[in-house]
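query.pdb follows (PDB, C-alpha atoms):
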```
ATOM      1  CA  MET M   1      94.110 -20.815  69.644
ATOM      2  CA  SER M   2      97.003 -21.987  71.799
ATOM      3  CA  GLN M   3      97.895 -20.368  75.130
ATOM      4  CA  ALA M   4     101.240 -19.085  73.776
ATOM      5  CA  ALA M   5      99.567 -17.311  70.856
ATOM      6  CA  VAL M   6      97.179 -15.465  73.211
ATOM      7  CA  HIS M   7     100.104 -14.341  75.341
ATOM      8  CA  SER M   8     102.168 -13.086  72.431
ATOM      9  CA  ALA M   9      99.141 -11.075  71.279
ATOM     10  CA  VAL M  10      98.681  -9.196  74.571
ATOM     11  CA  GLU M  11     102.251  -8.881  75.862
ATOM     12  CA  PRO M  12     103.950  -5.718  74.652
ATOM     13  CA  ALA M  13     107.103  -6.277  72.594
ATOM     14  CA  GLU M  14     110.308  -5.959  74.638
ATOM     15  CA  THR M  15     112.537  -3.368  73.022
ATOM     16  CA  PRO M  16     115.062  -0.965  74.566
ATOM     17  CA  LEU M  17     112.382   1.723  74.167
ATOM     18  CA  THR M  18     109.604  -0.112  76.051
ATOM     19  CA  PRO M  19     109.120   1.631  79.420
ATOM     20  CA  ASP M  20     108.720  -0.241  82.726
ATOM     21  CA  SER M  21     105.582   1.730  83.467
ATOM     22  CA  TRP M  22     103.298   3.330  80.892
ATOM     23  CA  GLY M  23     101.931   5.653  83.575
ATOM     24  CA  LYS M  24     105.439   6.945  84.208
ATOM     25  CA  LEU M  25     105.957   7.496  80.486
ATOM     26  CA  GLY M  26     102.659   9.411  80.399
ATOM     27  CA  MET M  27     103.734  11.674  83.269
ATOM     28  CA  TRP M  28     107.133  12.292  81.646
ATOM     29  CA  ILE M  29     105.457  13.290  78.360
ATOM     30  CA  PHE M  30     103.136  15.652  80.251
ATOM     31  CA  LEU M  31     106.109  17.141  82.137
ATOM     32  CA  ALA M  32     108.074  17.581  78.895
ATOM     33  CA  GLY M  33     105.144  19.584  77.485
ATOM     34  CA  ASP M  34     104.861  21.580  80.692
ATOM     35  CA  ALA M  35     108.615  22.254  80.629
ATOM     36  CA  VAL M  36     108.232  23.741  77.142
ATOM     37  CA  GLY M  37     105.464  25.974  78.571
ATOM     38  CA  PHE M  38     107.741  27.240  81.349
ATOM     39  CA  GLY M  39     110.674  27.471  78.925
ATOM     40  CA  THR M  40     108.618  29.696  76.636
ATOM     41  CA  LEU M  41     107.623  31.960  79.541
ATOM     42  CA  LEU M  42     111.247  32.291  80.705
ATOM     43  CA  ALA M  43     112.492  32.879  77.136
ATOM     44  CA  ALA M  44     109.857  35.613  76.709
ATOM     45  CA  TYR M  45     111.005  37.092  80.035
ATOM     46  CA  GLY M  46     114.629  37.114  78.874
ATOM     47  CA  MET M  47     113.645  38.673  75.554
ATOM     48  CA  MET M  48     111.593  41.463  77.162
ATOM     49  CA  ARG M  49     114.325  42.165  79.693
ATOM     50  CA  ALA M  50     117.153  42.221  77.123
ATOM     51  CA  THR M  51     115.282  44.622  74.833
ATOM     52  CA  SER M  52     114.103  46.974  77.600
ATOM     53  CA  GLY M  53     116.134  50.038  78.469
ATOM     54  CA  ASP M  54     114.765  50.509  82.011
ATOM     55  CA  TRP M  55     114.355  47.028  83.491
ATOM     56  CA  PRO M  56     114.447  47.245  87.328
ATOM     57  CA  ASN M  57     117.149  45.352  89.234
ATOM     58  CA  PRO M  58     115.170  42.242  90.350
ATOM     59  CA  TYR M  59     116.992  41.373  93.568
ATOM     60  CA  ALA M  60     116.978  44.991  94.737
ATOM     61  CA  VAL M  61     113.204  45.303  94.131
ATOM     62  CA  LEU M  62     111.928  41.817  95.008
ATOM     63  CA  GLY M  63     114.141  40.972  97.978
ATOM     64  CA  ILE M  64     115.593  37.460  98.016
ATOM     65  CA  ASN M  65     115.615  36.509 101.713
ATOM     66  CA  LEU M  66     112.040  35.223 101.685
ATOM     67  CA  THR M  67     112.350  33.528  98.284
ATOM     68  CA  ALA M  68     115.640  31.870  99.303
ATOM     69  CA  ALA M  69     113.769  30.415 102.292
ATOM     70  CA  MET M  70     110.958  29.324  99.935
ATOM     71  CA  THR M  71     113.543  27.620  97.672
ATOM     72  CA  PHE M  72     114.938  25.774 100.681
ATOM     73  CA  LEU M  73     111.406  24.765 101.732
ATOM     74  CA  LEU M  74     110.667  23.302  98.294
ATOM     75  CA  ILE M  75     113.954  21.327  98.315
ATOM     76  CA  CYS M  76     112.971  19.980 101.777
ATOM     77  CA  SER M  77     109.539  18.950 100.452
ATOM     78  CA  SER M  78     111.259  17.078  97.616
ATOM     79  CA  VAL M  79     113.232  15.148 100.248
ATOM     80  CA  THR M  80     110.056  14.242 102.195
ATOM     81  CA  MET M  81     108.560  13.078  98.868
ATOM     82  CA  VAL M  82     111.417  10.628  98.172
ATOM     83  CA  LYS M  83     111.255   9.499 101.823
ATOM     84  CA  ALA M  84     107.529   8.735 101.383
ATOM     85  CA  LEU M  85     108.356   6.551  98.384
ATOM     86  CA  GLU M  86     111.209   4.862 100.281
ATOM     87  CA  TRP M  87     108.900   3.964 103.214
ATOM     88  CA  LEU M  88     106.272   2.677 100.795
ATOM     89  CA  GLY M  89     108.941   0.484  99.185
ATOM     90  CA  ASN M  90     109.796  -0.847 102.667
ATOM     91  CA  GLY M  91     106.118  -1.695 103.198
ATOM     92  CA  ASP M  92     105.482   0.928 105.917
ATOM     93  CA  ARG M  93     102.246   2.553 104.764
ATOM     94  CA  ALA M  94     101.742   4.727 107.896
ATOM     95  CA  LYS M  95     105.194   6.351 107.618
ATOM     96  CA  ALA M  96     104.704   6.838 103.857
ATOM     97  CA  LYS M  97     101.436   8.683 104.537
ATOM     98  CA  VAL M  98     103.105  10.911 107.156
ATOM     99  CA  TYR M  99     105.819  11.888 104.656
ATOM    100  CA  LEU M 100     103.230  12.483 101.897
ATOM    101  CA  PHE M 101     101.391  14.772 104.330
ATOM    102  CA  LEU M 102     104.634  16.634 105.183
ATOM    103  CA  THR M 103     105.267  17.120 101.440
ATOM    104  CA  ALA M 104     101.759  18.544 100.944
ATOM    105  CA  LEU M 105     102.273  20.754 104.018
ATOM    106  CA  GLY M 106     105.551  22.092 102.558
ATOM    107  CA  GLY M 107     103.720  22.942  99.331
ATOM    108  CA  ALA M 108     100.889  24.640 101.223
ATOM    109  CA  ILE M 109     103.361  26.772 103.226
ATOM    110  CA  PHE M 110     105.169  27.652  99.972
ATOM    111  CA  VAL M 111     101.928  28.919  98.377
ATOM    112  CA  SER M 112     101.060  30.855 101.570
ATOM    113  CA  LEU M 113     104.485  32.537 101.582
ATOM    114  CA  GLN M 114     104.032  33.387  97.903
ATOM    115  CA  ALA M 115     100.628  34.970  98.677
ATOM    116  CA  TYR M 116     102.320  36.997 101.455
ATOM    117  CA  GLU M 117     105.121  38.049  99.074
ATOM    118  CA  TRP M 118     102.636  39.069  96.340
ATOM    119  CA  SER M 119     100.463  41.152  98.696
ATOM    120  CA  HIS M 120     103.605  42.828 100.075
ATOM    121  CA  LEU M 121     104.862  43.678  96.546
ATOM    122  CA  ILE M 122     101.419  44.861  95.365
ATOM    123  CA  HIS M 123     101.282  47.119  98.426
ATOM    124  CA  ARG M 124     104.668  48.602  97.407
ATOM    125  CA  GLY M 125     103.278  49.372  93.927
ATOM    126  CA  LEU M 126     104.209  46.350  91.787
ATOM    127  CA  HIS M 127     101.210  45.781  89.510
ATOM    128  CA  ILE M 128     100.603  43.640  86.447
ATOM    129  CA  ASN M 129     100.464  46.787  84.264
ATOM    130  CA  GLY M 130     103.044  49.031  85.899
ATOM    131  CA  ASN M 131     105.426  49.702  88.795
ATOM    132  CA  PRO M 132     107.364  52.624  90.310
ATOM    133  CA  TRP M 133     110.806  51.267  89.302
ATOM    134  CA  GLY M 134     110.788  51.050  85.489
ATOM    135  CA  ALA M 135     109.517  48.855  82.650
ATOM    136  CA  ALA M 136     105.836  47.927  83.113
ATOM    137  CA  LEU M 137     106.538  44.447  81.657
ATOM    138  CA  PHE M 138     108.613  43.681  84.770
ATOM    139  CA  GLY M 139     105.415  43.343  86.823
ATOM    140  CA  THR M 140     103.559  41.547  84.013
ATOM    141  CA  SER M 141     106.217  38.853  83.603
ATOM    142  CA  PHE M 142     106.787  38.533  87.363
ATOM    143  CA  PHE M 143     103.131  37.827  88.154
ATOM    144  CA  ILE M 144     102.571  35.543  85.152
ATOM    145  CA  VAL M 145     105.653  33.351  85.698
ATOM    146  CA  THR M 146     105.476  33.095  89.516
ATOM    147  CA  GLY M 147     101.664  32.767  89.288
ATOM    148  CA  PHE M 148     101.917  29.925  86.763
ATOM    149  CA  HIS M 149     104.388  28.158  89.051
ATOM    150  CA  GLY M 150     102.212  28.843  92.129
ATOM    151  CA  LEU M 151      99.256  27.228  90.340
ATOM    152  CA  HIS M 152     101.412  24.143  89.727
ATOM    153  CA  VAL M 153     102.294  23.976  93.445
ATOM    154  CA  THR M 154      98.602  24.369  94.388
ATOM    155  CA  GLY M 155      97.691  21.574  91.954
ATOM    156  CA  GLY M 156     100.497  19.469  93.432
ATOM    157  CA  VAL M 157      99.172  19.915  96.990
ATOM    158  CA  ILE M 158      95.708  18.720  95.861
ATOM    159  CA  TYR M 159      97.361  15.799  93.997
ATOM    160  CA  LEU M 160      99.350  14.819  97.135
ATOM    161  CA  VAL M 161      96.297  14.956  99.427
ATOM    162  CA  ALA M 162      94.412  12.763  96.928
ATOM    163  CA  MET M 163      97.371  10.333  96.941
ATOM    164  CA  ILE M 164      97.271  10.001 100.765
ATOM    165  CA  ARG M 165      93.696   8.731 100.322
ATOM    166  CA  TYR M 166      94.764   6.505  97.402
ATOM    167  CA  VAL M 167      97.561   4.903  99.458
ATOM    168  CA  SER M 168      95.095   4.232 102.327
ATOM    169  CA  ASN M 169      92.634   2.514 100.003
ATOM    170  CA  ARG M 170      95.049   0.053  98.340
ATOM    171  CA  PRO M 171      95.036  -3.510  99.703
ATOM    172  CA  GLN M 172      98.881  -3.632  99.898
ATOM    173  CA  PRO M 173     101.448  -0.816 100.319
ATOM    174  CA  ALA M 174     103.271  -2.107  97.219
ATOM    175  CA  ALA M 175     100.109  -1.650  95.112
ATOM    176  CA  SER M 176     100.413   2.130  95.321
ATOM    177  CA  TYR M 177     104.215   2.329  94.806
ATOM    178  CA  ASN M 178     104.060   3.103  91.083
ATOM    179  CA  ALA M 179     101.336   5.756  91.481
ATOM    180  CA  VAL M 180     103.262   7.492  94.295
ATOM    181  CA  GLU M 181     106.466   7.422  92.239
ATOM    182  CA  ILE M 182     104.558   9.171  89.408
ATOM    183  CA  THR M 183     103.250  11.767  91.895
ATOM    184  CA  GLY M 184     106.852  12.299  92.967
ATOM    185  CA  LEU M 185     107.879  12.991  89.361
ATOM    186  CA  TYR M 186     105.349  15.837  89.214
ATOM    187  CA  TRP M 187     106.401  17.227  92.600
ATOM    188  CA  HIS M 188     110.149  17.164  91.820
ATOM    189  CA  PHE M 189     109.419  18.816  88.472
ATOM    190  CA  VAL M 190     107.693  21.708  90.296
ATOM    191  CA  ASP M 191     110.830  21.963  92.486
ATOM    192  CA  LEU M 192     113.076  21.876  89.391
ATOM    193  CA  VAL M 193     111.078  24.654  87.705
ATOM    194  CA  TRP M 194     111.308  26.801  90.855
ATOM    195  CA  ILE M 195     115.118  26.410  90.805
ATOM    196  CA  MET M 196     115.028  27.939  87.292
ATOM    197  CA  VAL M 197     112.467  30.646  88.138
ATOM    198  CA  PHE M 198     114.397  31.620  91.297
ATOM    199  CA  THR M 199     117.618  31.968  89.309
ATOM    200  CA  PHE M 200     116.241  33.805  86.263
ATOM    201  CA  MET M 201     113.638  36.064  87.927
ATOM    202  CA  TYR M 202     115.192  36.837  91.319
ATOM    203  CA  LEU M 203     118.969  36.371  91.203
ATOM    204  CA  LEU M 204     120.033  37.340  87.671
TER     205      LEU M 204
ATOM    206  CA  MET K   1     110.014  -3.591  88.017
ATOM    207  CA  ALA K   2     109.643  -0.185  89.594
ATOM    208  CA  THR K   3     111.157  -1.317  92.902
ATOM    209  CA  ALA K   4     114.168  -2.969  91.252
ATOM    210  CA  HIS K   5     116.559   0.000  91.277
ATOM    211  CA  LYS K   6     118.209   0.826  94.572
ATOM    212  CA  HIS K   7     117.570   4.176  96.189
ATOM    213  CA  PRO K   8     120.332   6.759  95.940
ATOM    214  CA  ASN K   9     121.509   8.619  99.053
ATOM    215  CA  TYR K  10     118.760  11.250  99.127
ATOM    216  CA  MET K  11     120.186  13.183 102.084
ATOM    217  CA  ALA K  12     123.485  13.679 100.217
ATOM    218  CA  ILE K  13     121.549  15.101  97.246
ATOM    219  CA  PHE K  14     119.640  17.363  99.663
ATOM    220  CA  TRP K  15     122.900  18.755 101.092
ATOM    221  CA  TYR K  16     124.338  19.273  97.586
ATOM    222  CA  LEU K  17     121.196  21.250  96.638
ATOM    223  CA  ALA K  18     121.293  23.299  99.854
ATOM    224  CA  ILE K  19     125.013  24.093  99.431
ATOM    225  CA  LEU K  20     124.552  25.037  95.751
ATOM    226  CA  THR K  21     121.704  27.409  96.789
ATOM    227  CA  VAL K  22     123.974  29.097  99.363
ATOM    228  CA  ILE K  23     126.714  29.422  96.704
ATOM    229  CA  GLU K  24     124.138  31.028  94.338
ATOM    230  CA  LEU K  25     123.273  33.604  96.996
ATOM    231  CA  GLY K  26     126.982  34.258  97.571
ATOM    232  CA  VAL K  27     127.741  34.645  93.855
ATOM    233  CA  ILE K  28     125.404  37.639  93.344
ATOM    234  CA  PHE K  29     127.374  39.700  95.883
ATOM    235  CA  MET K  30     130.797  38.761  94.508
ATOM    236  CA  PRO K  31     132.926  41.638  93.152
ATOM    237  CA  ILE K  32     133.127  40.221  89.604
ATOM    238  CA  GLY K  33     131.621  41.210  86.240
ATOM    239  CA  LYS K  34     127.858  40.984  85.664
ATOM    240  CA  PHE K  35     128.367  38.615  82.736
ATOM    241  CA  THR K  36     130.507  36.231  84.823
ATOM    242  CA  ILE K  37     127.864  36.280  87.586
ATOM    243  CA  GLY K  38     125.197  35.434  84.978
ATOM    244  CA  VAL K  39     127.184  32.514  83.581
ATOM    245  CA  LEU K  40     127.917  31.187  87.097
ATOM    246  CA  LEU K  41     124.253  31.444  88.147
ATOM    247  CA  CYS K  42     123.067  29.638  84.990
ATOM    248  CA  ALA K  43     125.636  26.877  85.536
ATOM    249  CA  LEU K  44     124.644  26.473  89.215
ATOM    250  CA  ALA K  45     120.905  26.375  88.324
ATOM    251  CA  LEU K  46     121.535  23.758  85.611
ATOM    252  CA  GLY K  47     123.609  21.731  88.082
ATOM    253  CA  LYS K  48     120.790  21.785  90.651
ATOM    254  CA  ALA K  49     118.160  20.920  88.011
ATOM    255  CA  THR K  50     120.317  17.986  86.836
ATOM    256  CA  LEU K  51     120.664  16.667  90.416
ATOM    257  CA  VAL K  52     116.863  16.825  90.906
ATOM    258  CA  ALA K  53     116.122  15.123  87.559
ATOM    259  CA  MET K  54     118.830  12.441  87.847
ATOM    260  CA  TYR K  55     118.324  11.371  91.474
ATOM    261  CA  PHE K  56     114.958  12.622  92.831
ATOM    262  CA  MET K  57     113.200  11.852  89.518
ATOM    263  CA  HIS K  58     115.294   8.652  89.113
ATOM    264  CA  LEU K  59     116.211   9.518  85.529
ATOM    265  CA  ARG K  60     119.638   7.922  86.045
ATOM    266  CA  PHE K  61     118.041   4.549  86.656
ATOM    267  CA  GLU K  62     115.392   4.702  83.910
ATOM    268  CA  THR K  63     115.054   3.329  80.375
ATOM    269  CA  ARG K  64     116.271   5.280  77.347
ATOM    270  CA  THR K  65     112.709   6.225  76.378
ATOM    271  CA  LEU K  66     112.237   8.408  79.454
ATOM    272  CA  GLY K  67     115.670   9.966  78.963
ATOM    273  CA  LEU K  68     114.745  10.889  75.393
ATOM    274  CA  VAL K  69     111.382  12.339  76.510
ATOM    275  CA  ALA K  70     113.163  14.369  79.208
ATOM    276  CA  MET K  71     115.718  15.720  76.706
ATOM    277  CA  THR K  72     113.047  16.916  74.221
ATOM    278  CA  PRO K  73     112.171  20.196  76.038
ATOM    279  CA  LEU K  74     115.903  21.077  76.220
ATOM    280  CA  ALA K  75     116.209  20.697  72.432
ATOM    281  CA  ILE K  76     113.047  22.762  71.868
ATOM    282  CA  ALA K  77     114.230  25.456  74.315
ATOM    283  CA  THR K  78     117.598  25.729  72.527
ATOM    284  CA  LEU K  79     115.791  26.083  69.200
ATOM    285  CA  LEU K  80     113.504  28.739  70.717
ATOM    286  CA  VAL K  81     116.467  30.817  71.923
ATOM    287  CA  PHE K  82     118.007  30.784  68.438
ATOM    288  CA  LEU K  83     114.623  31.742  66.907
ATOM    289  CA  LEU K  84     114.311  34.697  69.302
ATOM    290  CA  LEU K  85     117.906  35.991  68.987
ATOM    291  CA  PRO K  86     117.529  37.779  65.587
ATOM    292  CA  ASP K  87     114.420  39.651  66.816
ATOM    293  CA  GLY K  88     116.155  40.514  70.080
ATOM    294  CA  PHE K  89     119.166  41.994  68.298
ATOM    295  CA  ALA K  90     116.884  43.950  65.928
ATOM    296  CA  VAL K  91     114.999  45.582  68.814
ATOM    297  CA  VAL K  92     118.205  46.439  70.717
ATOM    298  CA  HIS K  93     119.638  47.955  67.520
ATOM    299  CA  GLN K  94     116.508  50.081  66.931
ATOM    300  CA  THR K  95     116.458  51.273  70.545
ATOM    301  CA  ALA K  96     120.120  52.302  70.309
ATOM    302  CA  GLU K  97     119.447  54.193  67.047
ATOM    303  CA  LYS K  98     116.455  56.002  68.591
ATOM    304  CA  LYS K  99     118.522  56.982  71.623
ATOM    305  CA  ALA K 100     121.334  58.266  69.409
ATOM    306  CA  ALA K 101     118.850  60.263  67.315
ATOM    307  CA  ALA K 102     117.229  61.734  70.437
ATOM    308  CA  THR K 103     120.504  62.793  72.095
ATOM    309  CA  GLU K 104     122.112  64.501  69.057
ATOM    310  CA  PRO K 105     119.351  66.319  67.152
ATOM    311  CA  ALA K 106     121.325  69.603  66.752
ATOM    312  CA  LYS K 107     124.064  68.079  64.533
ATOM    313  CA  HIS K 108     121.789  67.729  61.494
TER     314      HIS K 108
END
```
Output the structure of this file as structure tokens.
Amino acid sequence: MSQAAVHSAVEPAETPLTPDSWGKLGMWIFLAGDAVGFGTLLAAYGMMRATSGDWPNPYAVLGINLTAAMTFLLICSSVTMVKALEWLGNGDRAKAKVYLFLTALGGAIFVSLQAYEWSHLIHRGLHINGNPWGAALFGTSFFIVTGFHGLHVTGGVIYLVAMIRYVSNRPQPAASYNAVEITGLYWHFVDLVWIMVFTFMYLL
Amino acid sequence: MATAHKHPNYMAIFWYLAILTVIELGVIFMPIGKFTIGVLLCALALGKATLVAMYFMHLRFETRTLGLVAMTPLAIATLLVFLLLPDGFAVVHQTAEKKAAATEPAKH
């Protein structure tokens, strides 16, 4: 068999639909599925709220000062994530690792603030099966949606810490560029979902 | 290659996101109708989400495949809303009827 025939057998066909990176396509497909999961939760929230006669006023009950700060924190951690990728692209592995660490730190602080917020609200009487202000489903949906998002942030922090190790172990900074970009996709998605959760569950 | 596209101005995107968040917080205290506030908040949230997806997630610089994958959940979510609407209206209608029946029992 000639050399050209071998190549044409292994090289993927170039079409407008062929992605640059199959890993990136994989992450995007996962995120699309995850987005449907969050979309379903938020749609269920909207449905329960619209059909309830005594839904509490979210921003009066939950308080938005802390969550606005948490939103800002998550946006900042998205910026440190893109900075990490930028430094990796410039070949500066040490700086990239510092920014990856700052991103993970932002996520860890976010989860800690959420734990503080939850314990504060539970202390005031917001439970998964009832609350002093009205419809019991208010507490149910609040804990499920913010909890599901909090789990994603926790997973993201573990992912980022693992990536710091991964970047250290590659022979060249450029060898980990694609993997870090994929990590970034996940992290920005978590930020994007929080933008939606913050708007629908706290502000509206 | 992955490194081929040039990086957008990330700090500008950061400031846009921060400013949009401040506007969101301002909107909820504005002396306008609840419906208008809702529409404004949804528009601002969608704007922020678009900025994150387009620039932080590099969707603007990607192939069509990834764009199509990213659009799929939006299509499914729209479908879901239309599937839920009839049920939502039915429940609201029933609740209103029950309330009406409970408040005027003496008439019959």
Name every residue that the ChimeraX specification (/K :<6) & /M selects in this structure, writing the answer as a PyMOL selection string with chains first and numbers rising. chain M and resi 17+32+36+51+185+192
Per residue of stretch 166-185 of chain M within 10 Å of stretch 145-160 of chain M, what are the shortest atom pair and its distance in Å to one decimal, counting all atoms listed in the file, with rows by chain and residue number, as JSON lines?
```
{"residue": "M:Tyr166", "atom": "CA", "partner": "M:Leu160", "partner_atom": "CA", "distance": 9.5}
{"residue": "M:Val180", "atom": "CA", "partner": "M:Leu160", "partner_atom": "CA", "distance": 8.8}
{"residue": "M:Thr183", "atom": "CA", "partner": "M:Leu160", "partner_atom": "CA", "distance": 7.2}
{"residue": "M:Gly184", "atom": "CA", "partner": "M:Leu160", "partner_atom": "CA", "distance": 8.9}
```
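Taken over the shown file, the PyMOL selection byres ((chain M and resi 179) around 9) identifies Gly23, Lys24, Met163, Tyr166, Val167, Ala175, Ser176, Tyr177, Asn178, Val180, Glu181, Ile182, Thr183 and Gly184 of chain M.
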Export of prior selection with C-alpha atoms as a short mmCIF file (atom, residue, chain, number, x, y, z; two decimals), in the frame of the given file:
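File produced: selection_29.cif:
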```cif
data_model
loop_
_atom_site.label_atom_id
_atom_site.label_comp_id
_atom_site.auth_asym_id
_atom_site.auth_seq_id
_atom_site.Cartn_x
_atom_site.Cartn_y
_atom_site.Cartn_z
CA GLY M 23 101.93 5.65 83.58
CA LYS M 24 105.44 6.94 84.21
CA MET M 163 97.37 10.33 96.94
CA TYR M 166 94.76 6.50 97.40
CA VAL M 167 97.56 4.90 99.46
CA ALA M 175 100.11 -1.65 95.11
CA SER M 176 100.41 2.13 95.32
CA TYR M 177 104.22 2.33 94.81
CA ASN M 178 104.06 3.10 91.08
CA VAL M 180 103.26 7.49 94.30
CA GLU M 181 106.47 7.42 92.24
CA ILE M 182 104.56 9.17 89.41
CA THR M 183 103.25 11.77 91.90
CA GLY M 184 106.85 12.30 92.97
#
```
Provide the atom CA of K:Arg60 to atom CA of M:Thr71 distance in Å, to one decimal place.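 Going from atom CA of K:Arg60 over to atom CA of M:Thr71, I get 23.7 Å.
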For the file shown, what are the residues hit by the PyMOL selection byres ((chain M and resi 203) around 8), laid out as a ChimeraX atom specification? /M:58-59,64,198-202,204 /K:25,28,41
